[in-house]
>>> print(open('coords31.pdb').read())   # PDB, C-alpha atoms, pLDDT in the B column
ATOM      1  CA  MET A   1       0.000   0.000   0.000  1.00 81.00           C
ATOM      2  CA  PRO A   2       1.430   3.403  -0.927  1.00 89.00           C
ATOM      3  CA  ALA A   3       2.335   5.611   2.020  1.00 88.00           C
ATOM      4  CA  MET A   4      -0.108   8.323   0.978  1.00 93.00           C
ATOM      5  CA  THR A   5      -3.003   5.840   0.817  1.00 94.00           C
ATOM      6  CA  TYR A   6      -2.122   4.567   4.290  1.00 95.00           C
ATOM      7  CA  GLN A   7      -2.035   8.118   5.662  1.00 96.00           C
ATOM      8  CA  LEU A   8      -5.401   8.963   4.096  1.00 97.00           C
ATOM      9  CA  LEU A   9      -7.007   5.786   5.448  1.00 97.00           C
ATOM     10  CA  LYS A  10      -5.553   6.409   8.892  1.00 96.00           C
ATOM     11  CA  MET A  11      -6.823  10.001   8.809  1.00 98.00           C
ATOM     12  CA  ALA A  12     -10.319   8.876   7.739  1.00 98.00           C
ATOM     13  CA  HIS A  13     -10.319   6.216  10.481  1.00 98.00           C
ATOM     14  CA  VAL A  14      -9.343   8.728  13.179  1.00 97.00           C
ATOM     15  CA  ALA A  15     -11.910  11.278  11.941  1.00 98.00           C
ATOM     16  CA  ALA A  16     -14.654   8.637  11.971  1.00 98.00           C
ATOM     17  CA  VAL A  17     -13.655   7.509  15.474  1.00 98.00           C
ATOM     18  CA  VAL A  18     -13.753  11.103  16.724  1.00 98.00           C
ATOM     19  CA  ALA A  19     -17.255  11.582  15.262  1.00 98.00           C
ATOM     20  CA  TRP A  20     -18.409   8.254  16.741  1.00 98.00           C
ATOM     21  CA  LEU A  21     -17.052   8.848  20.241  1.00 98.00           C
ATOM     22  CA  THR A  22     -18.122  12.484  20.364  1.00 97.00           C
ATOM     23  CA  GLY A  23     -21.659  11.459  19.420  1.00 98.00           C
ATOM     24  CA  SER A  24     -21.608   8.670  21.982  1.00 98.00           C
ATOM     25  CA  LEU A  25     -20.394  11.031  24.715  1.00 97.00           C
ATOM     26  CA  PHE A  26     -23.088  13.547  23.855  1.00 96.00           C
ATOM     27  CA  VAL A  27     -25.773  10.837  24.082  1.00 96.00           C
ATOM     28  CA  SER A  28     -24.272   9.709  27.408  1.00 96.00           C
ATOM     29  CA  LEU A  29     -24.516  13.209  28.840  1.00 95.00           C
ATOM     30  CA  PHE A  30     -28.035  13.729  27.474  1.00 94.00           C
ATOM     31  CA  LEU A  31     -29.248  10.459  29.007  1.00 93.00           C
ATOM     32  CA  LEU A  32     -27.555  11.320  32.293  1.00 92.00           C
ATOM     33  CA  THR A  33     -29.044  14.792  32.611  1.00 89.00           C
ATOM     34  CA  SER A  34     -32.467  14.415  31.038  1.00 84.00           C
ATOM     35  CA  ALA A  35     -35.547  13.407  32.921  1.00 71.00           C
ATOM     36  CA  PRO A  36     -39.073  12.964  31.599  1.00 62.00           C
ATOM     37  CA  GLN A  37     -40.862  16.224  32.193  1.00 62.00           C
ATOM     38  CA  GLU A  38     -44.443  17.329  31.891  1.00 67.00           C
ATOM     39  CA  GLY A  39     -44.030  21.067  32.402  1.00 65.00           C
ATOM     40  CA  GLU A  40     -43.131  23.881  30.090  1.00 69.00           C
ATOM     41  CA  ASP A  41     -39.666  22.357  29.485  1.00 66.00           C
ATOM     42  CA  ALA A  42     -41.136  19.142  28.019  1.00 71.00           C
ATOM     43  CA  PRO A  43     -41.365  20.415  24.403  1.00 77.00           C
ATOM     44  CA  LYS A  44     -37.734  21.587  24.516  1.00 79.00           C
ATOM     45  CA  GLU A  45     -36.549  18.207  25.766  1.00 81.00           C
ATOM     46  CA  ARG A  46     -38.608  16.345  23.144  1.00 83.00           C
ATOM     47  CA  LYS A  47     -37.144  18.566  20.430  1.00 88.00           C
ATOM     48  CA  MET A  48     -33.612  17.886  21.681  1.00 89.00           C
ATOM     49  CA  LEU A  49     -34.376  14.166  21.905  1.00 92.00           C
ATOM     50  CA  GLY A  50     -35.576  14.118  18.289  1.00 92.00           C
ATOM     51  CA  ALA A  51     -32.511  15.984  17.064  1.00 94.00           C
ATOM     52  CA  LEU A  52     -30.197  13.688  19.001  1.00 96.00           C
ATOM     53  CA  ARG A  53     -31.902  10.561  17.639  1.00 96.00           C
ATOM     54  CA  ARG A  54     -31.498  11.858  14.062  1.00 97.00           C
ATOM     55  CA  TRP A  55     -27.847  12.750  14.692  1.00 97.00           C
ATOM     56  CA  THR A  56     -27.185   9.293  16.118  1.00 97.00           C
ATOM     57  CA  LEU A  57     -28.886   7.632  13.148  1.00 97.00           C
ATOM     58  CA  TRP A  58     -27.286   9.724  10.402  1.00 98.00           C
ATOM     59  CA  VAL A  59     -23.872  10.644  11.849  1.00 98.00           C
ATOM     60  CA  THR A  60     -22.760   8.681  14.913  1.00 98.00           C
ATOM     61  CA  THR A  61     -23.781   5.204  13.754  1.00 98.00           C
ATOM     62  CA  PRO A  62     -22.370   5.612  10.212  1.00 98.00           C
ATOM     63  CA  ALA A  63     -19.144   6.970  11.742  1.00 98.00           C
ATOM     64  CA  MET A  64     -18.926   3.822  13.857  1.00 98.00           C
ATOM     65  CA  LEU A  65     -19.410   1.645  10.774  1.00 98.00           C
ATOM     66  CA  VAL A  66     -16.768   3.561   8.794  1.00 98.00           C
ATOM     67  CA  SER A  67     -14.380   3.221  11.746  1.00 98.00           C
ATOM     68  CA  TRP A  68     -14.893  -0.524  11.783  1.00 98.00           C
ATOM     69  CA  LEU A  69     -14.526  -0.941   8.031  1.00 98.00           C
ATOM     70  CA  ILE A  70     -11.337   1.090   7.721  1.00 98.00           C
ATOM     71  CA  GLY A  71      -9.867  -0.313  10.935  1.00 98.00           C
ATOM     72  CA  LEU A  72     -10.467  -3.913   9.874  1.00 98.00           C
ATOM     73  CA  HIS A  73      -9.052  -3.181   6.414  1.00 97.00           C
ATOM     74  CA  LEU A  74      -5.875  -1.691   7.889  1.00 97.00           C
ATOM     75  CA  ALA A  75      -5.498  -4.530  10.403  1.00 96.00           C
ATOM     76  CA  MET A  76      -5.837  -7.180   7.688  1.00 97.00           C
ATOM     77  CA  THR A  77      -3.564  -5.338   5.250  1.00 96.00           C
ATOM     78  CA  PHE A  78      -0.718  -4.958   7.747  1.00 94.00           C
ATOM     79  CA  GLY A  79      -1.136  -8.280   9.543  1.00 95.00           C
ATOM     80  CA  TRP A  80      -1.938  -6.750  12.908  1.00 95.00           C
ATOM     81  CA  PHE A  81      -4.217  -9.648  13.837  1.00 96.00           C
ATOM     82  CA  ALA A  82      -1.063 -11.644  14.556  1.00 96.00           C
ATOM     83  CA  MET A  83      -0.337  -9.225  17.436  1.00 96.00           C
ATOM     84  CA  ASN A  84      -2.058  -9.402  20.804  1.00 96.00           C
ATOM     85  CA  TRP A  85      -2.641  -5.665  21.268  1.00 96.00           C
ATOM     86  CA  ILE A  86      -5.128  -5.564  18.382  1.00 97.00           C
ATOM     87  CA  TRP A  87      -7.369  -8.110  20.080  1.00 97.00           C
ATOM     88  CA  VAL A  88      -7.596  -5.961  23.210  1.00 97.00           C
ATOM     89  CA  LYS A  89      -8.378  -2.959  20.999  1.00 98.00           C
ATOM     90  CA  VAL A  90     -11.070  -4.924  19.161  1.00 98.00           C
ATOM     91  CA  GLY A  91     -12.584  -5.944  22.506  1.00 98.00           C
ATOM     92  CA  PHE A  92     -12.850  -2.329  23.642  1.00 98.00           C
ATOM     93  CA  ALA A  93     -14.187  -1.248  20.234  1.00 98.00           C
ATOM     94  CA  LEU A  94     -16.852  -3.976  20.445  1.00 98.00           C
ATOM     95  CA  ALA A  95     -17.810  -2.737  23.916  1.00 98.00           C
ATOM     96  CA  LEU A  96     -18.086   0.840  22.610  1.00 98.00           C
ATOM     97  CA  SER A  97     -20.229  -0.397  19.708  1.00 98.00           C
ATOM     98  CA  ALA A  98     -22.509  -2.246  22.109  1.00 98.00           C
ATOM     99  CA  LEU A  99     -22.738   0.878  24.262  1.00 98.00           C
ATOM    100  CA  LEU A 100     -23.898   2.915  21.256  1.00 98.00           C
ATOM    101  CA  GLY A 101     -26.587   0.291  20.647  1.00 97.00           C
ATOM    102  CA  ILE A 102     -27.716   0.529  24.264  1.00 96.00           C
ATOM    103  CA  GLN A 103     -27.753   4.329  24.034  1.00 97.00           C
ATOM    104  CA  SER A 104     -29.766   4.280  20.789  1.00 96.00           C
ATOM    105  CA  ALA A 105     -32.306   1.942  22.349  1.00 95.00           C
ATOM    106  CA  SER A 106     -32.555   4.231  25.390  1.00 94.00           C
ATOM    107  CA  LEU A 107     -33.183   7.240  23.142  1.00 94.00           C
ATOM    108  CA  ARG A 108     -35.886   5.301  21.280  1.00 93.00           C
ATOM    109  CA  ARG A 109     -37.591   4.275  24.532  1.00 92.00           C
ATOM    110  CA  MET A 110     -37.471   7.867  25.796  1.00 89.00           C
ATOM    111  CA  ALA A 111     -39.062   9.069  22.557  1.00 88.00           C
ATOM    112  CA  GLN A 112     -41.832   6.515  23.100  1.00 88.00           C
ATOM    113  CA  GLY A 113     -42.496   7.973  26.539  1.00 83.00           C
ATOM    114  CA  SER A 114     -40.612   5.599  28.819  1.00 82.00           C
ATOM    115  CA  LEU A 115     -40.031   7.014  32.284  1.00 78.00           C
ATOM    116  CA  LYS A 116     -37.454   4.340  33.152  1.00 83.00           C
ATOM    117  CA  ARG A 117     -33.866   5.473  33.610  1.00 84.00           C
ATOM    118  CA  PRO A 118     -31.373   3.565  31.405  1.00 88.00           C
ATOM    119  CA  PRO A 119     -29.312   0.954  33.285  1.00 89.00           C
ATOM    120  CA  MET A 120     -25.905   2.114  34.551  1.00 94.00           C
ATOM    121  CA  VAL A 121     -26.261   5.457  32.735  1.00 94.00           C
ATOM    122  CA  ASP A 122     -23.786   7.018  35.185  1.00 95.00           C
ATOM    123  CA  LEU A 123     -21.013   4.840  33.736  1.00 96.00           C
ATOM    124  CA  TYR A 124     -21.553   5.505  30.004  1.00 97.00           C
ATOM    125  CA  ALA A 125     -19.370   8.617  29.683  1.00 97.00           C
ATOM    126  CA  PRO A 126     -16.558   7.464  32.003  1.00 97.00           C
ATOM    127  CA  PHE A 127     -16.384   4.104  30.212  1.00 98.00           C
ATOM    128  CA  THR A 128     -16.225   5.827  26.822  1.00 98.00           C
ATOM    129  CA  VAL A 129     -13.330   8.040  27.944  1.00 98.00           C
ATOM    130  CA  LEU A 130     -11.499   5.143  29.625  1.00 98.00           C
ATOM    131  CA  ALA A 131     -11.930   2.832  26.611  1.00 98.00           C
ATOM    132  CA  CYS A 132     -10.739   5.579  24.273  1.00 97.00           C
ATOM    133  CA  GLY A 133      -7.642   6.090  26.421  1.00 97.00           C
ATOM    134  CA  VAL A 134      -6.866   2.373  26.418  1.00 97.00           C
ATOM    135  CA  ILE A 135      -7.333   2.136  22.646  1.00 97.00           C
ATOM    136  CA  VAL A 136      -5.114   5.154  21.934  1.00 96.00           C
ATOM    137  CA  THR A 137      -2.412   3.768  24.248  1.00 97.00           C
ATOM    138  CA  LEU A 138      -2.551   0.373  22.554  1.00 96.00           C
ATOM    139  CA  VAL A 139      -2.301   1.887  19.076  1.00 94.00           C
ATOM    140  CA  LEU A 140       0.589   4.196  19.907  1.00 95.00           C
ATOM    141  CA  VAL A 141       2.615   1.887  22.154  1.00 95.00           C
ATOM    142  CA  LYS A 142       1.662  -1.577  20.771  1.00 91.00           C
ATOM    143  CA  PRO A 143       2.864  -3.055  24.095  1.00 89.00           C
ATOM    144  CA  PHE A 144       2.450  -6.747  23.256  1.00 87.00           C
TER
END
>>> encode(input="coords31.pdb", output="structure tokens")
Amino acid sequence: MPAMTYQLLKMAHVAAVVAWLTGSLFVSLFLLTSAPQEGEDAPKERKMLGALRRWTLWVTTPAMLVSWLIGLHLAMTFGWFAMNWIWVKVGFALALSALLGIQSASLRRMAQGSLKRPPMVDLYAPFTVLACGVIVTLVLVKPF
């Protein structure tokens, strides 16, 4: 693979990851701070909920898919699956993907009028930041 192609793919992968994780963090904070309301603030929250659901559907989820596609392509092209660090990275990326699914389902239930608080919502943002830190460390250091 030419060096320029590798750099462009790496740049696209990082940009997609940033979009994915930023969207996921925003959903985490929205779920953490929002509460079903019936007063004058209810229309504002429903409007924000609708906008966030659309953003997740049209930006965050596609960014996650692009991240996976480019990341898997790079890993296969350069033989990184023979190294142990990539498997830890894949595990954390799978957990972040599952978290986005949980968040999307929570947004959908809220839009349908559910009053139930999502499970372990307090841990969504800290886990996202921690997982991102682990992944970045693994990619830069490749410790094993």
>>> atom_distance(input="coords31.pdb", atom1="atom CA of Ile135 of chain A", atom2="atom CA of Phe92 of chain A")
7.2 Å
>>> closest_residue(input="coords31.pdb", among="A:Gly101, A:Gly71, A:Gly91, A:Pro62", to="Tyr124 of chain A", atoms="only C-alpha atoms")
A:Gly101
>>> resolve_selection(input="coords31.pdb", expression="the PyMOL selection byres ((chain A and resi 111) around 9)", output="list in words")
Arg46, Leu49, Gly50, Arg53, Ser106, Leu107, Arg108, Arg109, Met110, Gln112, Gly113 and Ser114 of chain A
>>> closest_residue(input="coords31.pdb", among="A:Leu96, A:Thr77, A:Ile70, A:His13", to="Val129 of chain A", atoms="only C-alpha atoms")
A:Leu96
>>> resolve_selection(input="coords31.pdb", expression="the PyMOL selection byres ((chain A and resi 117) around 9)", output="list in words")
Leu31, Leu32, Ala35, Ser106, Met110, Ser114, Leu115, Lys116, Pro118, Pro119, Met120 and Val121 of chain A
>>> atom_distance(input="coords31.pdb", atom1="atom CA of Trp20 of chain A", atom2="atom CA of Ser67 of chain A")
8.2 Å
>>> atom_distance(input="coords31.pdb", atom1="atom CA of Val59 of chain A", atom2="atom CA of Gly23 of chain A")
7.9 Å
>>> closest_atom_pairs(input="coords31.pdb", of="segment 57-127 of chain A", to="segment 136-139 of chain A", cutoff="9 Å", atoms="all atoms listed in the file", output="Markdown table")
| residue | atom | partner | partner_atom | distance |
| --- | --- | --- | --- | --- |
| A:Trp85 | CA | A:Leu138 | CA | 6.2 |
| A:Ile86 | CA | A:Leu138 | CA | 7.7 |
| A:Val88 | CA | A:Leu138 | CA | 8.1 |
| A:Lys89 | CA | A:Leu138 | CA | 6.9 |
>>> axis_aligned_box(input="coords31.pdb", around="segment 51-68 of chain A", padding_each_side="6 Å", output="lines of an AutoDock Vina configuration file")
center_x = -23.4
center_y = 7.7
center_z = 13.9
size_x = 30.1
size_y = 28.5
size_z = 22.2
>>> resolve_selection(input="coords31.pdb", expression="the PyMOL selection byres ((chain A and resi 74) around 12)", output="list in words")
Met1, Thr5, Tyr6, Gln7, Leu8, Leu9, Lys10, Met11, Ala12, His13, Ser67, Trp68, Leu69, Ile70, Gly71, Leu72, His73, Ala75, Met76, Thr77, Phe78, Gly79, Trp80, Phe81 and Ile86 of chain A
>>> closest_residue(input="coords31.pdb", among="A:Met83, A:Met64, A:Ala42, A:Ala19", to="Ala98 of chain A", atoms="all atoms listed in the file")
A:Met64
>>> closest_residue(input="coords31.pdb", among="A:Leu100, A:Leu94, A:Leu29, A:Val18", to="Thr56 of chain A", atoms="all atoms listed in the file")
A:Leu100
>>> closest_residue(input="coords31.pdb", among="A:Pro126, A:Ala15, A:Gln103, A:Ala131", to="Leu52 of chain A", atoms="all atoms listed in the file")
A:Gln103
>>> closest_residue(input="coords31.pdb", among="A:Ala95, A:Val14, A:Ala51, A:Val27", to="Ala63 of chain A", atoms="only C-alpha atoms")
A:Val14
>>> decode(input="coords31.pdb", residues="segment 19-30 of chain A", atoms="all heavy atoms", output="PDB file, in the first residue's frame")
ATOM      1  N   ALA A  19     -15.814  11.326  15.431  1.00  0.00           N
ATOM      2  CA  ALA A  19     -17.255  11.582  15.262  1.00  0.00           C
ATOM      3  C   ALA A  19     -18.076  10.576  16.065  1.00  0.00           C
ATOM      4  O   ALA A  19     -19.061  10.946  16.726  1.00  0.00           O
ATOM      5  CB  ALA A  19     -17.629  11.529  13.787  1.00  0.00           C
ATOM      6  N   TRP A  20     -17.699   9.310  16.017  1.00  0.00           N
ATOM      7  CA  TRP A  20     -18.409   8.254  16.741  1.00  0.00           C
ATOM      8  C   TRP A  20     -18.364   8.508  18.240  1.00  0.00           C
ATOM      9  O   TRP A  20     -19.406   8.511  18.907  1.00  0.00           O
ATOM     10  CB  TRP A  20     -17.788   6.911  16.368  1.00  0.00           C
ATOM     11  CG  TRP A  20     -18.151   5.726  17.194  1.00  0.00           C
ATOM     12  CD1 TRP A  20     -19.229   5.567  18.018  1.00  0.00           C
ATOM     13  CD2 TRP A  20     -17.431   4.496  17.269  1.00  0.00           C
ATOM     14  NE1 TRP A  20     -19.212   4.315  18.593  1.00  0.00           N
ATOM     15  CE2 TRP A  20     -18.114   3.641  18.145  1.00  0.00           C
ATOM     16  CE3 TRP A  20     -16.263   4.043  16.667  1.00  0.00           C
ATOM     17  CZ2 TRP A  20     -17.679   2.356  18.443  1.00  0.00           C
ATOM     18  CZ3 TRP A  20     -15.835   2.757  16.962  1.00  0.00           C
ATOM     19  CH2 TRP A  20     -16.537   1.925  17.838  1.00  0.00           C
ATOM     20  N   LEU A  21     -17.175   8.718  18.790  1.00  0.00           N
ATOM     21  CA  LEU A  21     -17.052   8.848  20.241  1.00  0.00           C
ATOM     22  C   LEU A  21     -17.607  10.170  20.757  1.00  0.00           C
ATOM     23  O   LEU A  21     -18.151  10.221  21.860  1.00  0.00           O
ATOM     24  CB  LEU A  21     -15.605   8.648  20.662  1.00  0.00           C
ATOM     25  CG  LEU A  21     -15.073   7.236  20.388  1.00  0.00           C
ATOM     26  CD1 LEU A  21     -13.624   7.112  20.819  1.00  0.00           C
ATOM     27  CD2 LEU A  21     -15.935   6.185  21.054  1.00  0.00           C
ATOM     28  N   THR A  22     -17.510  11.216  19.963  1.00  0.00           N
ATOM     29  CA  THR A  22     -18.122  12.484  20.364  1.00  0.00           C
ATOM     30  C   THR A  22     -19.633  12.344  20.430  1.00  0.00           C
ATOM     31  O   THR A  22     -20.272  12.796  21.388  1.00  0.00           O
ATOM     32  CB  THR A  22     -17.726  13.604  19.382  1.00  0.00           C
ATOM     33  OG1 THR A  22     -16.301  13.710  19.353  1.00  0.00           O
ATOM     34  CG2 THR A  22     -18.329  14.930  19.793  1.00  0.00           C
ATOM     35  N   GLY A  23     -20.220  11.705  19.409  1.00  0.00           N
ATOM     36  CA  GLY A  23     -21.659  11.459  19.420  1.00  0.00           C
ATOM     37  C   GLY A  23     -22.077  10.597  20.593  1.00  0.00           C
ATOM     38  O   GLY A  23     -23.082  10.861  21.261  1.00  0.00           O
ATOM     39  N   SER A  24     -21.293   9.569  20.866  1.00  0.00           N
ATOM     40  CA  SER A  24     -21.608   8.670  21.982  1.00  0.00           C
ATOM     41  C   SER A  24     -21.514   9.409  23.324  1.00  0.00           C
ATOM     42  O   SER A  24     -22.365   9.219  24.207  1.00  0.00           O
ATOM     43  CB  SER A  24     -20.654   7.477  21.965  1.00  0.00           C
ATOM     44  OG  SER A  24     -21.003   6.544  22.946  1.00  0.00           O
ATOM     45  N   LEU A  25     -20.506  10.251  23.476  1.00  0.00           N
ATOM     46  CA  LEU A  25     -20.394  11.031  24.715  1.00  0.00           C
ATOM     47  C   LEU A  25     -21.562  11.993  24.871  1.00  0.00           C
ATOM     48  O   LEU A  25     -22.093  12.173  25.975  1.00  0.00           O
ATOM     49  CB  LEU A  25     -19.069  11.799  24.745  1.00  0.00           C
ATOM     50  CG  LEU A  25     -17.849  11.012  25.163  1.00  0.00           C
ATOM     51  CD1 LEU A  25     -16.585  11.825  24.945  1.00  0.00           C
ATOM     52  CD2 LEU A  25     -17.961  10.579  26.616  1.00  0.00           C
ATOM     53  N   PHE A  26     -21.965  12.609  23.781  1.00  0.00           N
ATOM     54  CA  PHE A  26     -23.088  13.547  23.855  1.00  0.00           C
ATOM     55  C   PHE A  26     -24.366  12.810  24.268  1.00  0.00           C
ATOM     56  O   PHE A  26     -25.128  13.295  25.108  1.00  0.00           O
ATOM     57  CB  PHE A  26     -23.274  14.272  22.523  1.00  0.00           C
ATOM     58  CG  PHE A  26     -24.208  15.437  22.637  1.00  0.00           C
ATOM     59  CD1 PHE A  26     -23.812  16.606  23.239  1.00  0.00           C
ATOM     60  CD2 PHE A  26     -25.500  15.343  22.163  1.00  0.00           C
ATOM     61  CE1 PHE A  26     -24.673  17.681  23.370  1.00  0.00           C
ATOM     62  CE2 PHE A  26     -26.379  16.412  22.290  1.00  0.00           C
ATOM     63  CZ  PHE A  26     -25.966  17.587  22.889  1.00  0.00           C
ATOM     64  N   VAL A  27     -24.597  11.626  23.697  1.00  0.00           N
ATOM     65  CA  VAL A  27     -25.773  10.837  24.082  1.00  0.00           C
ATOM     66  C   VAL A  27     -25.672  10.458  25.559  1.00  0.00           C
ATOM     67  O   VAL A  27     -26.659  10.519  26.293  1.00  0.00           O
ATOM     68  CB  VAL A  27     -25.928   9.585  23.189  1.00  0.00           C
ATOM     69  CG1 VAL A  27     -27.036   8.678  23.711  1.00  0.00           C
ATOM     70  CG2 VAL A  27     -26.203   9.975  21.753  1.00  0.00           C
ATOM     71  N   SER A  28     -24.470  10.067  25.996  1.00  0.00           N
ATOM     72  CA  SER A  28     -24.272   9.709  27.408  1.00  0.00           C
ATOM     73  C   SER A  28     -24.674  10.858  28.322  1.00  0.00           C
ATOM     74  O   SER A  28     -25.395  10.663  29.311  1.00  0.00           O
ATOM     75  CB  SER A  28     -22.806   9.359  27.678  1.00  0.00           C
ATOM     76  OG  SER A  28     -22.413   8.228  26.978  1.00  0.00           O
ATOM     77  N   LEU A  29     -24.210  12.055  27.996  1.00  0.00           N
ATOM     78  CA  LEU A  29     -24.516  13.209  28.840  1.00  0.00           C
ATOM     79  C   LEU A  29     -25.993  13.582  28.773  1.00  0.00           C
ATOM     80  O   LEU A  29     -26.585  13.975  29.779  1.00  0.00           O
ATOM     81  CB  LEU A  29     -23.623  14.385  28.443  1.00  0.00           C
ATOM     82  CG  LEU A  29     -22.135  14.147  28.695  1.00  0.00           C
ATOM     83  CD1 LEU A  29     -21.306  15.315  28.164  1.00  0.00           C
ATOM     84  CD2 LEU A  29     -21.851  13.908  30.155  1.00  0.00           C
ATOM     85  N   PHE A  30     -26.603  13.455  27.594  1.00  0.00           N
ATOM     86  CA  PHE A  30     -28.035  13.729  27.474  1.00  0.00           C
ATOM     87  C   PHE A  30     -28.837  12.752  28.330  1.00  0.00           C
ATOM     88  O   PHE A  30     -29.736  13.152  29.066  1.00  0.00           O
ATOM     89  CB  PHE A  30     -28.484  13.639  26.015  1.00  0.00           C
ATOM     90  CG  PHE A  30     -29.964  13.870  25.846  1.00  0.00           C
ATOM     91  CD1 PHE A  30     -30.476  15.150  25.824  1.00  0.00           C
ATOM     92  CD2 PHE A  30     -30.835  12.796  25.712  1.00  0.00           C
ATOM     93  CE1 PHE A  30     -31.841  15.367  25.682  1.00  0.00           C
ATOM     94  CE2 PHE A  30     -32.192  13.003  25.568  1.00  0.00           C
ATOM     95  CZ  PHE A  30     -32.700  14.292  25.547  1.00  0.00           C
TER      96      PHE A  30
END
